Amino acid sequence: MVDVAEMSKNVQEEITRWSKEIKRGAVALAIMALLVRGRAYGYELVKRLDEYASFLALEQGTVYPLLRRMEQRGLLRAEWDYTDPAKPKKYYQVTDDGIEALRKMCEIWSTMSEGMNKIIGEVD
Amino acid sequence: MARDRAREFIEDYLDRVRAYLPLGSEDYIIEIRTHLLQEAERIGNGTVTEGSALLAIEHMGDPKSVANEYAGTGKRIGPLPVEYARPVAALTIVFIGIGLAVMLGLFLVEPVLPGATSVFSASALFLALVLASIVTALVVTERLNILDMRRTEAERTLFERVLGIGEETLRKKSAADAFVEYAGSLIIAVLLILPQVRILFTATFLPFVPVLIGLNLFGSLVGLLFFLRGENNLTLTLEVVLGVAWIVVSAMIVHIGWPLRYMYIYDGSTLGLFDIVSFMAQVDLTPSPLLIIWVMAVFVAVASSTWRVISGIAKISWYMREGRGVWWDGRASPQVSRTQQ
């Protein structure tokens, strides 16, 4: 793990910026991949992400806006469950378009990580 | 007790997030509430405590950042950062709504009680100027943010308190309020049907009693719909229609003057009728105290109905822009009664 505290301010800022950018795509892929296993509501998904993708070090508040955007783009479908009126739950599941997009995203991710691993393998 | 306080922390935090969100982001707030409650339960090993609620809030992060993640940031609408657009819009609607409500109320009562306008309008104008100056100063300078720097995530900032006034005023009607409207209007309608009550009215007011019965029955139906399904475009439209109807009827009945001829008095053994109008005629006060009470009652009815109409129309337009349709379950989420912090 990179120790950010020992870096110069400039490097810290650059790493923070870069991490945010690279995580954005990874989180969307992780969310879709977890939801394709079964529908889940926000908190449940946050906990699954904590369990399976803790390396992403997600802030809890970032998951909900992503879910909303993916729902607006037709990748996810949402349904409210008012069984517990004190804690209504919005369940998300992947749509057919979402499954198709997820397959393509996985292909791109594999190709990219394979290629990137070759490149960064040469870095000290 | 601790659980109530914990819920208060969470609701307070949600109000702060809501203040920076675009209009009509209630679904997001409900999701965040459920998240915070479940996170607080997890931290408190199955129980929501004050400490676990505060920790859950800390985990979620700064309200403005949470709202910005959802709504996007960096944009400006005119001189205002986009995250302030919603609270300022809500405040503006509240000010305009109150101003219009007062003006319409005064317009209707002025012919019956000349001079009322000058007394009310001078103080209303002064109040409006003071409020507008304060809000402008706060929004433009954002000076209060400096005072808020030492506050924690769970504390509402002074800036947010001011900006939250509009939001608070346009809050969804609670189930309890809706039930009171339903039951209250129904009781009034039933009372107005009773012959023992109808004999109390003056002859000139009596023809309007069936109209009031109808309005109260309609109000009761609207209250019931709000209780069952909360705020949606149908219930809001019915409330707007009800508000307009009350304004029209008020404009007609204000000229009739004091509506009650008699009141019931108990002399220790029997219940009898006391002729208020004859009694007040003997006292001979100008203007008549009964007329002043009547005008004030009509003024309040008109002002509150106007406010209902304006806030209803504003909400309907928000929901239509969101493409929400006509009928949905728009009940306000369960909330604790809060104490001012």
# chains A, B, ... in the order shown; residues from 1 in each chain; ligands from 1

call {"tool": "interface_residues", "arguments": {"of": "chain A", "to": "chain B", "cutoff": "9 Å", "atoms": "only C-alpha atoms", "output": "MDAnalysis selection string"}}
result
chainID A and resid 41:44 59:62 64:66 68:69 85:90

call {"tool": "select_by_dssp", "arguments": {"residues": "chain A", "states": "strand (DSSP E or B)", "output": "PDB file with C-alpha atoms, in the first residue's frame"}}
result
ATOM      1  CA  ALA A  40     -29.930  -5.304  -3.325  1.00  0.00           C
ATOM      2  CA  TYR A  41     -30.820  -2.016  -1.686  1.00  0.00           C
ATOM      3  CA  LEU A  76     -30.448  -0.546 -13.325  1.00  0.00           C
ATOM      4  CA  ARG A  77     -34.092  -0.859 -12.397  1.00  0.00           C
ATOM      5  CA  ALA A  78     -35.278   0.179  -8.937  1.00  0.00           C
ATOM      6  CA  GLU A  79     -38.292  -0.741  -6.845  1.00  0.00           C
ATOM      7  CA  TRP A  80     -39.325   0.547  -3.416  1.00  0.00           C
ATOM      8  CA  ASP A  81     -40.115  -1.846  -0.597  1.00  0.00           C
ATOM      9  CA  LYS A  89     -35.688   0.202   0.932  1.00  0.00           C
ATOM     10  CA  LYS A  90     -35.038   0.957  -2.709  1.00  0.00           C
ATOM     11  CA  TYR A  91     -34.022  -2.311  -4.341  1.00  0.00           C
ATOM     12  CA  TYR A  92     -31.848  -2.184  -7.438  1.00  0.00           C
ATOM     13  CA  GLN A  93     -31.406  -4.863 -10.059  1.00  0.00           C
ATOM     14  CA  VAL A  94     -29.576  -4.971 -13.365  1.00  0.00           C
TER      15      VAL A  94
END

call {"tool": "residues_around", "arguments": {"residues": "Tyr52 in chain A", "least_positions_apart": "4", "cutoff": "9 Å", "atoms": "only C-alpha atoms", "output": "ChimeraX atom specification"}}
result
/A:30,34,47-48

call {"tool": "closest_residue", "arguments": {"among": "B:Ile199, B:Glu26, B:Arg171, B:Phe218", "to": "Gly184 in chain B", "atoms": "only C-alpha atoms"}}
result
B:Phe218

call {"tool": "atom_distance", "arguments": {"atom1": "CA of Ala189 in chain B", "atom2": "CA of Ile213 in chain B"}}
result
4.7 Å

call {"tool": "select_by_dssp", "arguments": {"residues": "chain A", "states": "helix (DSSP H, G or I)", "output": "ChimeraX atom specification"}}
result
/A:4-6,9-35,42-52,54-56,60-72,96-120

call {"tool": "write_last_selection", "arguments": {"atoms": "C-alpha atoms", "output": "PDB file, in the first residue's frame"}}
result
ATOM      1  CA  VAL A   4       0.476   8.946   1.125  1.00  0.00           C
ATOM      2  CA  ALA A   5       1.645  10.731   4.280  1.00  0.00           C
ATOM      3  CA  GLU A   6       5.296  10.553   3.204  1.00  0.00           C
ATOM      4  CA  LYS A   9       1.823  17.808  -1.284  1.00  0.00           C
ATOM      5  CA  ASN A  10       1.924  17.941  -5.060  1.00  0.00           C
ATOM      6  CA  VAL A  11       2.246  14.156  -5.368  1.00  0.00           C
ATOM      7  CA  GLN A  12      -0.477  13.636  -2.765  1.00  0.00           C
ATOM      8  CA  GLU A  13      -2.852  15.836  -4.720  1.00  0.00           C
ATOM      9  CA  GLU A  14      -2.037  14.075  -7.957  1.00  0.00           C
ATOM     10  CA  ILE A  15      -2.547  10.638  -6.404  1.00  0.00           C
ATOM     11  CA  THR A  16      -5.836  11.714  -4.837  1.00  0.00           C
ATOM     12  CA  ARG A  17      -7.076  13.061  -8.166  1.00  0.00           C
ATOM     13  CA  TRP A  18      -5.920  10.019 -10.130  1.00  0.00           C
ATOM     14  CA  SER A  19      -7.349   7.583  -7.572  1.00  0.00           C
ATOM     15  CA  LYS A  20     -10.738   9.273  -7.779  1.00  0.00           C
ATOM     16  CA  GLU A  21     -10.757   9.081 -11.560  1.00  0.00           C
ATOM     17  CA  ILE A  22      -9.720   5.442 -11.750  1.00  0.00           C
ATOM     18  CA  LYS A  23     -12.067   4.404  -8.940  1.00  0.00           C
ATOM     19  CA  ARG A  24     -15.084   5.964 -10.601  1.00  0.00           C
ATOM     20  CA  GLY A  25     -15.156   3.404 -13.385  1.00  0.00           C
ATOM     21  CA  ALA A  26     -14.169   0.547 -11.107  1.00  0.00           C
ATOM     22  CA  VAL A  27     -16.979   1.274  -8.637  1.00  0.00           C
ATOM     23  CA  ALA A  28     -19.600   1.300 -11.391  1.00  0.00           C
ATOM     24  CA  LEU A  29     -18.319  -2.060 -12.634  1.00  0.00           C
ATOM     25  CA  ALA A  30     -18.193  -3.475  -9.094  1.00  0.00           C
ATOM     26  CA  ILE A  31     -21.765  -2.342  -8.376  1.00  0.00           C
ATOM     27  CA  MET A  32     -23.092  -3.922 -11.570  1.00  0.00           C
ATOM     28  CA  ALA A  33     -21.154  -7.125 -10.955  1.00  0.00           C
ATOM     29  CA  LEU A  34     -22.501  -7.407  -7.404  1.00  0.00           C
ATOM     30  CA  LEU A  35     -26.061  -6.616  -8.454  1.00  0.00           C
ATOM     31  CA  GLY A  42     -28.366   0.807  -1.011  1.00  0.00           C
ATOM     32  CA  TYR A  43     -27.081  -0.098   2.435  1.00  0.00           C
ATOM     33  CA  GLU A  44     -26.858  -3.781   1.566  1.00  0.00           C
ATOM     34  CA  LEU A  45     -24.804  -2.905  -1.487  1.00  0.00           C
ATOM     35  CA  VAL A  46     -22.520  -0.595   0.491  1.00  0.00           C
ATOM     36  CA  LYS A  47     -21.814  -3.485   2.866  1.00  0.00           C
ATOM     37  CA  ARG A  48     -21.199  -5.903  -0.027  1.00  0.00           C
ATOM     38  CA  LEU A  49     -18.783  -3.401  -1.529  1.00  0.00           C
ATOM     39  CA  ASP A  50     -17.046  -3.142   1.862  1.00  0.00           C
ATOM     40  CA  GLU A  51     -16.740  -6.911   1.914  1.00  0.00           C
ATOM     41  CA  TYR A  52     -15.678  -7.615  -1.666  1.00  0.00           C
ATOM     42  CA  SER A  54     -12.625  -2.793   0.362  1.00  0.00           C
ATOM     43  CA  PHE A  55      -9.551  -1.921  -1.749  1.00  0.00           C
ATOM     44  CA  LEU A  56     -11.713   0.767  -3.381  1.00  0.00           C
ATOM     45  CA  GLN A  60     -20.532   5.680   1.790  1.00  0.00           C
ATOM     46  CA  GLY A  61     -22.162   8.746   0.289  1.00  0.00           C
ATOM     47  CA  THR A  62     -20.745   8.071  -3.169  1.00  0.00           C
ATOM     48  CA  VAL A  63     -22.632   4.824  -3.826  1.00  0.00           C
ATOM     49  CA  TYR A  64     -26.161   6.301  -3.897  1.00  0.00           C
ATOM     50  CA  PRO A  65     -25.461   8.966  -6.542  1.00  0.00           C
ATOM     51  CA  LEU A  66     -23.871   6.266  -8.727  1.00  0.00           C
ATOM     52  CA  LEU A  67     -26.926   4.048  -8.341  1.00  0.00           C
ATOM     53  CA  ARG A  68     -29.156   6.946  -9.300  1.00  0.00           C
ATOM     54  CA  ARG A  69     -27.111   7.717 -12.424  1.00  0.00           C
ATOM     55  CA  MET A  70     -27.066   4.077 -13.506  1.00  0.00           C
ATOM     56  CA  GLU A  71     -30.823   3.898 -12.951  1.00  0.00           C
ATOM     57  CA  GLN A  72     -31.331   7.042 -15.045  1.00  0.00           C
ATOM     58  CA  ASP A  96     -31.113  -6.415 -19.786  1.00  0.00           C
ATOM     59  CA  ASP A  97     -29.227  -3.387 -21.114  1.00  0.00           C
ATOM     60  CA  GLY A  98     -27.215  -3.406 -17.899  1.00  0.00           C
ATOM     61  CA  ILE A  99     -26.255  -7.064 -18.318  1.00  0.00           C
ATOM     62  CA  GLU A 100     -25.143  -6.407 -21.878  1.00  0.00           C
ATOM     63  CA  ALA A 101     -23.155  -3.358 -20.777  1.00  0.00           C
ATOM     64  CA  LEU A 102     -21.639  -5.327 -17.897  1.00  0.00           C
ATOM     65  CA  ARG A 103     -20.362  -8.043 -20.257  1.00  0.00           C
ATOM     66  CA  LYS A 104     -18.734  -5.429 -22.456  1.00  0.00           C
ATOM     67  CA  MET A 105     -17.327  -3.569 -19.447  1.00  0.00           C
ATOM     68  CA  CYS A 106     -15.768  -6.800 -18.127  1.00  0.00           C
ATOM     69  CA  GLU A 107     -14.134  -7.443 -21.503  1.00  0.00           C
ATOM     70  CA  ILE A 108     -12.731  -3.928 -21.610  1.00  0.00           C
ATOM     71  CA  TRP A 109     -11.549  -4.190 -18.009  1.00  0.00           C
ATOM     72  CA  SER A 110      -9.779  -7.516 -18.627  1.00  0.00           C
ATOM     73  CA  THR A 111      -8.101  -6.272 -21.791  1.00  0.00           C
ATOM     74  CA  MET A 112      -7.064  -3.063 -20.084  1.00  0.00           C
ATOM     75  CA  SER A 113      -5.758  -4.634 -16.880  1.00  0.00           C
ATOM     76  CA  GLU A 114      -3.851  -7.271 -18.872  1.00  0.00           C
ATOM     77  CA  GLY A 115      -2.221  -4.588 -20.991  1.00  0.00           C
ATOM     78  CA  MET A 116      -1.595  -2.314 -18.038  1.00  0.00           C
ATOM     79  CA  ASN A 117      -0.025  -5.128 -16.017  1.00  0.00           C
ATOM     80  CA  LYS A 118       2.467  -5.671 -18.825  1.00  0.00           C
ATOM     81  CA  ILE A 119       3.345  -1.995 -18.866  1.00  0.00           C
ATOM     82  CA  ILE A 120       3.584  -1.426 -15.126  1.00  0.00           C
TER      83      ILE A 120
END

call {"tool": "atom_distance", "arguments": {"atom1": "CA of Arg42 in chain B", "atom2": "CA of Asp12 in chain B"}}
result
20.3 Å

call {"tool": "closest_residue", "arguments": {"among": "B:Thr202, B:Thr49, B:Ser250, B:Asn216", "to": "Ile10 in chain B", "atoms": "only C-alpha atoms"}}
result
B:Thr49

call {"tool": "residues_around", "arguments": {"residues": "range 243-245 of chain B", "least_positions_apart": "6", "cutoff": "12 Å", "atoms": "only C-alpha atoms", "output": "number ranges by chain"}}
result
B: 101, 104, 211-212, 214-216, 218-219, 222, 236-237, 251-252, 301-313

call {"tool": "write_last_selection", "arguments": {"atoms": "C-alpha atoms", "output": "PDB file, in the first residue's frame"}}
result
ATOM      1  CA  ALA B 101     -51.240  35.765   1.145  1.00  0.00           C
ATOM      2  CA  LEU B 104     -54.896  39.167  -0.766  1.00  0.00           C
ATOM      3  CA  VAL B 211     -71.625  25.949   1.218  1.00  0.00           C
ATOM      4  CA  LEU B 212     -69.442  25.719   4.341  1.00  0.00           C
ATOM      5  CA  GLY B 214     -69.678  21.271   1.395  1.00  0.00           C
ATOM      6  CA  LEU B 215     -66.264  22.892   1.741  1.00  0.00           C
ATOM      7  CA  ASN B 216     -65.595  21.105   5.015  1.00  0.00           C
ATOM      8  CA  PHE B 218     -64.374  18.372   0.611  1.00  0.00           C
ATOM      9  CA  GLY B 219     -61.577  19.406   3.011  1.00  0.00           C
ATOM     10  CA  VAL B 222     -58.610  15.940   0.871  1.00  0.00           C
ATOM     11  CA  LEU B 236     -51.968  18.722  -4.173  1.00  0.00           C
ATOM     12  CA  THR B 237     -54.345  19.707  -6.992  1.00  0.00           C
ATOM     13  CA  ALA B 251     -64.634  37.035  -0.393  1.00  0.00           C
ATOM     14  CA  MET B 252     -68.412  36.583  -0.353  1.00  0.00           C
ATOM     15  CA  ALA B 301     -58.645  31.965   6.296  1.00  0.00           C
ATOM     16  CA  VAL B 302     -57.764  33.845   3.098  1.00  0.00           C
ATOM     17  CA  ALA B 303     -54.063  34.156   3.923  1.00  0.00           C
ATOM     18  CA  SER B 304     -53.694  30.469   4.831  1.00  0.00           C
ATOM     19  CA  SER B 305     -55.700  29.385   1.757  1.00  0.00           C
ATOM     20  CA  THR B 306     -53.555  31.584  -0.487  1.00  0.00           C
ATOM     21  CA  TRP B 307     -50.439  30.035   0.996  1.00  0.00           C
ATOM     22  CA  ARG B 308     -51.863  26.558   0.325  1.00  0.00           C
ATOM     23  CA  VAL B 309     -52.578  27.495  -3.275  1.00  0.00           C
ATOM     24  CA  ILE B 310     -49.119  28.979  -3.899  1.00  0.00           C
ATOM     25  CA  SER B 311     -47.134  26.211  -2.196  1.00  0.00           C
ATOM     26  CA  GLY B 312     -49.355  23.581  -3.862  1.00  0.00           C
ATOM     27  CA  ILE B 313     -48.806  25.013  -7.336  1.00  0.00           C
TER      28      ILE B 313
END

call {"tool": "atom_distance", "arguments": {"atom1": "CA of Val102 in chain B", "atom2": "CA of Leu221 in chain B"}}
result
27.0 Å

call {"tool": "closest_residue", "arguments": {"among": "B:Thr47, B:Gln196, B:Ser317, B:Ser185", "to": "Leu271 in chain B", "atoms": "only C-alpha atoms"}}
result
B:Gln196

call {"tool": "closest_residue", "arguments": {"among": "B:Phe107, B:Asn233, B:Val295, B:Ile256", "to": "Pro207 in chain B", "atoms": "only C-alpha atoms"}}
result
B:Ile256
